[in-house]
Amino acid sequence: MAVIIDGKKIAEKVIDNIKKEVDLLERKPKLAVILVGNNPASEIYVRNKQKMALKLGFDSVVLTLPADISEENLLEQIYILNEDVNINAILVQLPLPAHLNKQRILEAIEPLKDVDGFTTHNFGRLSLGYFPCVVPCTPKGIVRLLDEYDISLEGKKVLVIGRSNIVGKPISLLMQNRNATVTMAHSKTKNLEELILSNDIIISAVGITNIVNQVSKGAVVIDVGINRTENGLKGDVNFELVSENASYITPVPGGVGPMTIAMLMENTLELFKIQEKLLF
Ligand code: NAD
């Protein structure tokens, strides 16, 4: 049976370390979160982010804006936060209402305050392997989990299922930077099952339950998916079946999810330190 990767425990360790560091700071990092509209899942995510920020002793502000806000008015809010020397990190909660151009909105964030790492500046640096850069939170959390469990990546065959800008693409870059051989699968990929069986590490970020049902003996399985079902929160992976063959597996909940929020806090602290010239 597979070892269950305890994301909750590792995230708590990260949070404890951040707290110790923040306690010693005179000025506290400040995170600004923009929430547009009232998507119930987004409201929960934003509440959890703010709760964690405050628990850590960060300053935090949430700007709740109406769903019908114009693009120009939203951009104006971002420009104000960009200019505000007291704000160290800016996050725009996704998804945005359909009338807003996501690309234009995310690009408006000052790269030095881009806590999610979604601007072309930070994403470009990540693609080129230029560090430091702001690494998107979920992919960063996945690498941290693998490192904590001493799972080596060099020379490993990694299959990333899903090619989104927030998970699939950045995690594939991080894996390549660590000398893994990466295959990307997506909605048009043929023979997904064959690919799953021929890779050492499977990272699934799709949003469909039971898309991963069988893996090769000893495979490492990272389940990013969050699917709300009548039986509660489920990942993309058929946990019971897959853990029979896998060597390591992340549960849902309690795997990648808690790491995402921990990495958001870590990125906030890093941006603060760069801006305060405490980190170069
Ligand atoms: P997305 O919804 O933007 O894209 C899904 C991807 O899956 C696309 O690239 C698509 O090509 C691919 N896909 C769709 N059907 C497929 C199929 N049949 N076979 C193979 N690939 C297929 O993706 P996202 O925003 O990265 O989110 C993916 C999942 O991860 C969602 O369930 C989301 O809730 C979850 N998520 C979790 C966290 C976390 O912290 N745990 C963070 C971000 C996203």
# chains A, B, ... in the order shown; residues from 1 in each chain; ligands from 1

$ select_by_dssp --residues "region 152-271 of chain A" --states "alpha helix (DSSP H)" --output "PyMOL selection string"
chain A and resi 168-177+192-197+239-242+256-271

$ select_by_dssp --residues "region 41-232 of chain A" --states "strand (DSSP E)" --output "count of residues only"
33

$ residues_around --residues "Gln176 (chain A)" --least-positions-apart "3" --cutoff "12 Å" --atoms "only C-alpha atoms" --output "JSON, numbers by chain"
{"A": [126, 127, 128, 129, 143, 153, 154, 155, 156, 157, 158, 159, 160, 169, 170, 171, 172, 173, 179, 180, 181, 182, 183, 184]}

$ residues_near_ligand --ligand "ligand 1" --cutoff "10 Å" --atoms "only C-alpha atoms and all ligand atoms" --output "VMD selection string"
chain A and resid 41 45 94 to 95 136 to 139 141 to 142 160 to 170 184 to 193 204 to 209 211 to 212 222 to 228 234 to 236 252 to 261 263

$ write_last_selection --atoms "C-alpha atoms" --output "PDB file, in the first residue's frame"
ATOM      1  CA  ALA A  41     -16.164  28.760  -3.795  1.00  0.00           C
ATOM      2  CA  TYR A  45     -10.961  30.456  -0.668  1.00  0.00           C
ATOM      3  CA  LEU A  94      -9.925  33.560 -10.122  1.00  0.00           C
ATOM      4  CA  PRO A  95     -12.211  32.908 -11.895  1.00  0.00           C
ATOM      5  CA  PRO A 136       2.801  29.803  -8.651  1.00  0.00           C
ATOM      6  CA  CYS A 137       1.553  28.455  -5.320  1.00  0.00           C
ATOM      7  CA  THR A 138       0.072  25.052  -6.213  1.00  0.00           C
ATOM      8  CA  PRO A 139       3.039  23.863  -8.342  1.00  0.00           C
ATOM      9  CA  GLY A 141       3.597  23.253  -3.068  1.00  0.00           C
ATOM     10  CA  ILE A 142       3.773  20.047  -5.104  1.00  0.00           C
ATOM     11  CA  VAL A 160       1.258  16.017 -16.076  1.00  0.00           C
ATOM     12  CA  ILE A 161      -2.461  15.717 -16.867  1.00  0.00           C
ATOM     13  CA  GLY A 162      -3.983  19.159 -17.504  1.00  0.00           C
ATOM     14  CA  ARG A 163      -2.257  22.138 -19.144  1.00  0.00           C
ATOM     15  CA  SER A 164      -3.719  25.125 -17.305  1.00  0.00           C
ATOM     16  CA  ASN A 165      -1.624  28.225 -16.731  1.00  0.00           C
ATOM     17  CA  ILE A 166      -2.051  27.943 -12.979  1.00  0.00           C
ATOM     18  CA  VAL A 167      -1.097  24.288 -12.452  1.00  0.00           C
ATOM     19  CA  GLY A 168      -0.290  22.110 -15.484  1.00  0.00           C
ATOM     20  CA  LYS A 169       2.097  24.391 -17.370  1.00  0.00           C
ATOM     21  CA  PRO A 170       4.078  25.709 -14.393  1.00  0.00           C
ATOM     22  CA  MET A 184       1.874  16.771 -20.948  1.00  0.00           C
ATOM     23  CA  ALA A 185      -1.608  15.299 -21.380  1.00  0.00           C
ATOM     24  CA  HIS A 186      -4.794  17.282 -21.943  1.00  0.00           C
ATOM     25  CA  SER A 187      -8.358  16.946 -23.170  1.00  0.00           C
ATOM     26  CA  LYS A 188      -7.260  15.972 -26.690  1.00  0.00           C
ATOM     27  CA  THR A 189      -4.663  13.419 -25.604  1.00  0.00           C
ATOM     28  CA  LYS A 190      -5.203   9.895 -26.907  1.00  0.00           C
ATOM     29  CA  ASN A 191      -4.454   6.752 -24.928  1.00  0.00           C
ATOM     30  CA  LEU A 192      -4.256   8.478 -21.555  1.00  0.00           C
ATOM     31  CA  GLU A 193      -4.354   5.157 -19.706  1.00  0.00           C
ATOM     32  CA  SER A 204      -3.309  15.093 -12.263  1.00  0.00           C
ATOM     33  CA  ALA A 205      -4.835  18.598 -12.478  1.00  0.00           C
ATOM     34  CA  VAL A 206      -8.019  18.106 -14.463  1.00  0.00           C
ATOM     35  CA  GLY A 207     -11.148  18.381 -12.325  1.00  0.00           C
ATOM     36  CA  ILE A 208     -12.744  15.048 -13.277  1.00  0.00           C
ATOM     37  CA  THR A 209     -13.131  12.262 -10.718  1.00  0.00           C
ATOM     38  CA  ILE A 211      -9.548  10.013 -14.403  1.00  0.00           C
ATOM     39  CA  VAL A 212      -6.599   8.101 -12.923  1.00  0.00           C
ATOM     40  CA  ILE A 222      -0.073  13.699  -6.982  1.00  0.00           C
ATOM     41  CA  ASP A 223      -3.761  14.545  -7.097  1.00  0.00           C
ATOM     42  CA  VAL A 224      -4.450  18.252  -7.620  1.00  0.00           C
ATOM     43  CA  GLY A 225      -8.106  17.884  -8.606  1.00  0.00           C
ATOM     44  CA  ILE A 226     -10.892  19.233  -6.434  1.00  0.00           C
ATOM     45  CA  ASN A 227     -14.297  17.837  -7.293  1.00  0.00           C
ATOM     46  CA  ARG A 228     -17.350  18.487  -5.159  1.00  0.00           C
ATOM     47  CA  LYS A 234     -12.850  14.108  -4.249  1.00  0.00           C
ATOM     48  CA  GLY A 235      -9.722  14.389  -6.345  1.00  0.00           C
ATOM     49  CA  ASP A 236      -9.073  13.196  -9.905  1.00  0.00           C
ATOM     50  CA  VAL A 252      -7.950  14.826  -1.293  1.00  0.00           C
ATOM     51  CA  PRO A 253      -8.535  16.650   0.958  1.00  0.00           C
ATOM     52  CA  GLY A 254      -5.297  16.993   2.935  1.00  0.00           C
ATOM     53  CA  GLY A 255      -2.732  16.720   0.146  1.00  0.00           C
ATOM     54  CA  VAL A 256      -1.978  19.504  -2.322  1.00  0.00           C
ATOM     55  CA  GLY A 257      -4.711  21.876  -1.074  1.00  0.00           C
ATOM     56  CA  PRO A 258      -3.146  22.901   2.261  1.00  0.00           C
ATOM     57  CA  MET A 259       0.209  23.397   0.513  1.00  0.00           C
ATOM     58  CA  THR A 260      -1.268  25.942  -1.901  1.00  0.00           C
ATOM     59  CA  ILE A 261      -2.270  28.289   0.882  1.00  0.00           C
ATOM     60  CA  MET A 263       2.961  28.645  -0.438  1.00  0.00           C
TER      61      MET A 263
END

$ atom_distance --atom1 "CA of Pro97 (chain A)" --atom2 "CA of Leu31 (chain A)"
22.2 Å

$ residues_around --residues "Thr268 (chain A)" --least-positions-apart "2" --cutoff "8 Å" --atoms "only C-alpha atoms" --output "number ranges by chain"
A: 29-31, 88-89, 115, 264-266, 270-272

$ residues_around --residues "Asn245 (chain A)" --least-positions-apart "2" --cutoff "9 Å" --atoms "only C-alpha atoms" --output "list in words"
Met1, Ala2, Gln214, Val215, Ser216, Lys217, Gly218, Ala219, Leu241, Val242, Ser243 and Ser247 of chain A

$ write_last_selection --atoms "N, CA and C atoms" --output "PDB file, in the first residue's frame"
ATOM      1  N   MET A   1       0.837  -1.209   0.000  1.00  0.00           N
ATOM      2  CA  MET A   1       0.000   0.000   0.000  1.00  0.00           C
ATOM      3  C   MET A   1       0.873   1.261   0.000  1.00  0.00           C
ATOM      4  N   ALA A   2       0.356   2.280  -0.644  1.00  0.00           N
ATOM      5  CA  ALA A   2       1.133   3.514  -0.809  1.00  0.00           C
ATOM      6  C   ALA A   2       1.281   4.279   0.498  1.00  0.00           C
ATOM      7  N   GLN A 214      -5.516   3.521 -12.579  1.00  0.00           N
ATOM      8  CA  GLN A 214      -4.520   2.463 -12.448  1.00  0.00           C
ATOM      9  C   GLN A 214      -3.158   3.048 -12.756  1.00  0.00           C
ATOM     10  N   VAL A 215      -2.171   2.733 -11.922  1.00  0.00           N
ATOM     11  CA  VAL A 215      -0.809   3.231 -12.194  1.00  0.00           C
ATOM     12  C   VAL A 215       0.144   2.043 -12.148  1.00  0.00           C
ATOM     13  N   SER A 216       1.373   2.270 -12.631  1.00  0.00           N
ATOM     14  CA  SER A 216       2.337   1.172 -12.586  1.00  0.00           C
ATOM     15  C   SER A 216       2.837   0.996 -11.154  1.00  0.00           C
ATOM     16  N   LYS A 217       3.394  -0.174 -10.894  1.00  0.00           N
ATOM     17  CA  LYS A 217       3.882  -0.491  -9.543  1.00  0.00           C
ATOM     18  C   LYS A 217       4.937   0.527  -9.125  1.00  0.00           C
ATOM     19  N   GLY A 218       4.738   1.146  -7.964  1.00  0.00           N
ATOM     20  CA  GLY A 218       5.735   2.076  -7.427  1.00  0.00           C
ATOM     21  C   GLY A 218       5.569   3.511  -7.897  1.00  0.00           C
ATOM     22  N   ALA A 219       4.560   3.796  -8.702  1.00  0.00           N
ATOM     23  CA  ALA A 219       4.388   5.171  -9.199  1.00  0.00           C
ATOM     24  C   ALA A 219       4.073   6.128  -8.045  1.00  0.00           C
ATOM     25  N   LEU A 241      -8.211   2.388  -5.441  1.00  0.00           N
ATOM     26  CA  LEU A 241      -7.584   1.504  -6.431  1.00  0.00           C
ATOM     27  C   LEU A 241      -6.112   1.828  -6.631  1.00  0.00           C
ATOM     28  N   VAL A 242      -5.835   3.118  -6.811  1.00  0.00           N
ATOM     29  CA  VAL A 242      -4.480   3.543  -7.176  1.00  0.00           C
ATOM     30  C   VAL A 242      -3.495   3.330  -6.028  1.00  0.00           C
ATOM     31  N   SER A 243      -3.954   3.492  -4.785  1.00  0.00           N
ATOM     32  CA  SER A 243      -2.989   3.340  -3.678  1.00  0.00           C
ATOM     33  C   SER A 243      -2.532   1.891  -3.508  1.00  0.00           C
ATOM     34  N   SER A 247       3.551   4.016  -4.859  1.00  0.00           N
ATOM     35  CA  SER A 247       4.447   4.018  -3.701  1.00  0.00           C
ATOM     36  C   SER A 247       4.095   5.195  -2.783  1.00  0.00           C
TER      37      SER A 247
END

$ residues_around --residues "Val33 (chain A)" --least-positions-apart "2" --cutoff "9 Å" --atoms "only C-alpha atoms" --output "short mmCIF file (atom, residue, chain, number, x, y, z; two decimals) with all heavy atoms, in the first residue's frame"
data_model
loop_
_atom_site.label_atom_id
_atom_site.label_comp_id
_atom_site.auth_asym_id
_atom_site.auth_seq_id
_atom_site.Cartn_x
_atom_site.Cartn_y
_atom_site.Cartn_z
N LEU A 31 -0.76 41.55 2.52
CA LEU A 31 -1.33 40.89 1.34
C LEU A 31 -2.67 41.54 1.00
O LEU A 31 -3.51 41.71 1.88
CB LEU A 31 -1.55 39.40 1.67
CG LEU A 31 -2.37 38.56 0.69
CD1 LEU A 31 -1.61 38.37 -0.62
CD2 LEU A 31 -2.68 37.18 1.31
N LEU A 35 -11.43 40.30 -4.71
CA LEU A 35 -12.50 39.33 -5.00
C LEU A 35 -13.58 40.05 -5.79
O LEU A 35 -14.17 41.01 -5.29
CB LEU A 35 -13.06 38.77 -3.68
CG LEU A 35 -14.28 37.86 -3.79
CD1 LEU A 35 -13.94 36.58 -4.56
CD2 LEU A 35 -14.80 37.50 -2.40
N VAL A 46 -11.04 32.87 -0.42
CA VAL A 46 -10.53 34.17 0.02
C VAL A 46 -10.59 34.28 1.54
O VAL A 46 -9.64 34.74 2.19
CB VAL A 46 -11.31 35.32 -0.66
CG1 VAL A 46 -11.00 36.66 0.00
CG2 VAL A 46 -10.98 35.36 -2.16
N LYS A 49 -7.77 32.32 2.98
CA LYS A 49 -6.47 32.99 2.77
C LYS A 49 -6.30 34.12 3.78
O LYS A 49 -5.24 34.29 4.37
CB LYS A 49 -6.39 33.55 1.34
CG LYS A 49 -6.18 32.46 0.30
CD LYS A 49 -6.39 32.95 -1.13
CE LYS A 49 -6.33 31.77 -2.10
NZ LYS A 49 -6.66 32.13 -3.48
N GLN A 50 -7.37 34.88 3.98
CA GLN A 50 -7.26 36.00 4.91
C GLN A 50 -7.08 35.51 6.34
O GLN A 50 -6.27 36.05 7.10
CB GLN A 50 -8.48 36.93 4.81
CG GLN A 50 -8.09 38.27 5.41
CD GLN A 50 -9.25 39.18 5.66
OE1 GLN A 50 -10.38 38.76 5.79
NE2 GLN A 50 -8.96 40.46 5.72
N SER A 60 -3.61 42.16 6.21
CA SER A 60 -4.31 41.64 5.05
C SER A 60 -5.53 42.50 4.75
O SER A 60 -6.21 42.95 5.67
CB SER A 60 -4.72 40.20 5.33
OG SER A 60 -5.63 39.77 4.37
N VAL A 61 -5.75 42.74 3.48
CA VAL A 61 -6.95 43.48 3.11
C VAL A 61 -7.64 42.74 1.97
O VAL A 61 -6.96 42.20 1.08
CB VAL A 61 -6.60 44.94 2.72
CG1 VAL A 61 -5.63 45.01 1.56
CG2 VAL A 61 -7.83 45.75 2.39
N VAL A 62 -8.97 42.65 2.06
CA VAL A 62 -9.73 42.04 0.97
C VAL A 62 -10.59 43.12 0.33
O VAL A 62 -11.35 43.80 1.03
CB VAL A 62 -10.64 40.90 1.48
CG1 VAL A 62 -11.47 40.33 0.33
CG2 VAL A 62 -9.81 39.79 2.11
N LEU A 63 -10.43 43.31 -0.96
CA LEU A 63 -11.27 44.25 -1.70
C LEU A 63 -12.37 43.46 -2.37
O LEU A 63 -12.10 42.70 -3.30
CB LEU A 63 -10.45 44.94 -2.79
CG LEU A 63 -9.88 46.31 -2.47
CD1 LEU A 63 -8.74 46.15 -1.49
CD2 LEU A 63 -9.39 46.98 -3.74
N THR A 64 -13.59 43.61 -1.89
CA THR A 64 -14.71 42.90 -2.51
C THR A 64 -15.39 43.85 -3.48
O THR A 64 -15.89 44.90 -3.08
CB THR A 64 -15.69 42.41 -1.43
OG1 THR A 64 -14.93 41.68 -0.45
CG2 THR A 64 -16.75 41.49 -2.00
N ALA A 89 1.99 42.31 -1.54
CA ALA A 89 1.57 41.21 -2.41
C ALA A 89 0.12 41.41 -2.84
O ALA A 89 -0.71 41.81 -2.03
CB ALA A 89 1.71 39.88 -1.65
N ILE A 90 -0.13 41.15 -4.13
CA ILE A 90 -1.48 41.34 -4.66
C ILE A 90 -1.94 40.04 -5.31
O ILE A 90 -1.20 39.42 -6.08
CB ILE A 90 -1.51 42.46 -5.73
CG1 ILE A 90 -0.98 43.77 -5.15
CG2 ILE A 90 -2.92 42.65 -6.30
CD1 ILE A 90 -0.73 44.87 -6.20
N LEU A 91 -3.17 39.66 -4.99
CA LEU A 91 -3.75 38.44 -5.58
C LEU A 91 -5.14 38.77 -6.12
O LEU A 91 -5.94 39.37 -5.42
CB LEU A 91 -3.85 37.37 -4.49
CG LEU A 91 -4.44 36.01 -4.82
CD1 LEU A 91 -3.85 34.98 -3.86
CD2 LEU A 91 -5.95 35.95 -4.74
N VAL A 92 -5.39 38.41 -7.35
CA VAL A 92 -6.74 38.54 -7.91
C VAL A 92 -7.34 37.14 -7.92
O VAL A 92 -6.81 36.23 -8.58
CB VAL A 92 -6.72 39.12 -9.34
CG1 VAL A 92 -8.13 39.14 -9.93
CG2 VAL A 92 -6.13 40.53 -9.34
N GLN A 93 -8.40 36.95 -7.15
CA GLN A 93 -9.01 35.62 -7.05
C GLN A 93 -9.67 35.25 -8.38
O GLN A 93 -10.46 36.01 -8.94
CB GLN A 93 -10.04 35.60 -5.91
CG GLN A 93 -10.68 34.26 -5.67
CD GLN A 93 -9.68 33.20 -5.19
OE1 GLN A 93 -8.83 33.47 -4.35
NE2 GLN A 93 -9.76 32.01 -5.75
#

$ closest_residue --among "A:Val22, A:Ile87, A:Ala98, A:Leu278" --to "Phe58 (chain A)" --atoms "only C-alpha atoms"
A:Val22

$ closest_residue --among "A:Ile109, A:Ile44, A:Ile34, A:Ile151" --to "Asp200 (chain A)" --atoms "only C-alpha atoms"
A:Ile151

$ atom_distance --atom1 "CA of Ile69 (chain A)" --atom2 "CA of Leu96 (chain A)"
10.6 Å
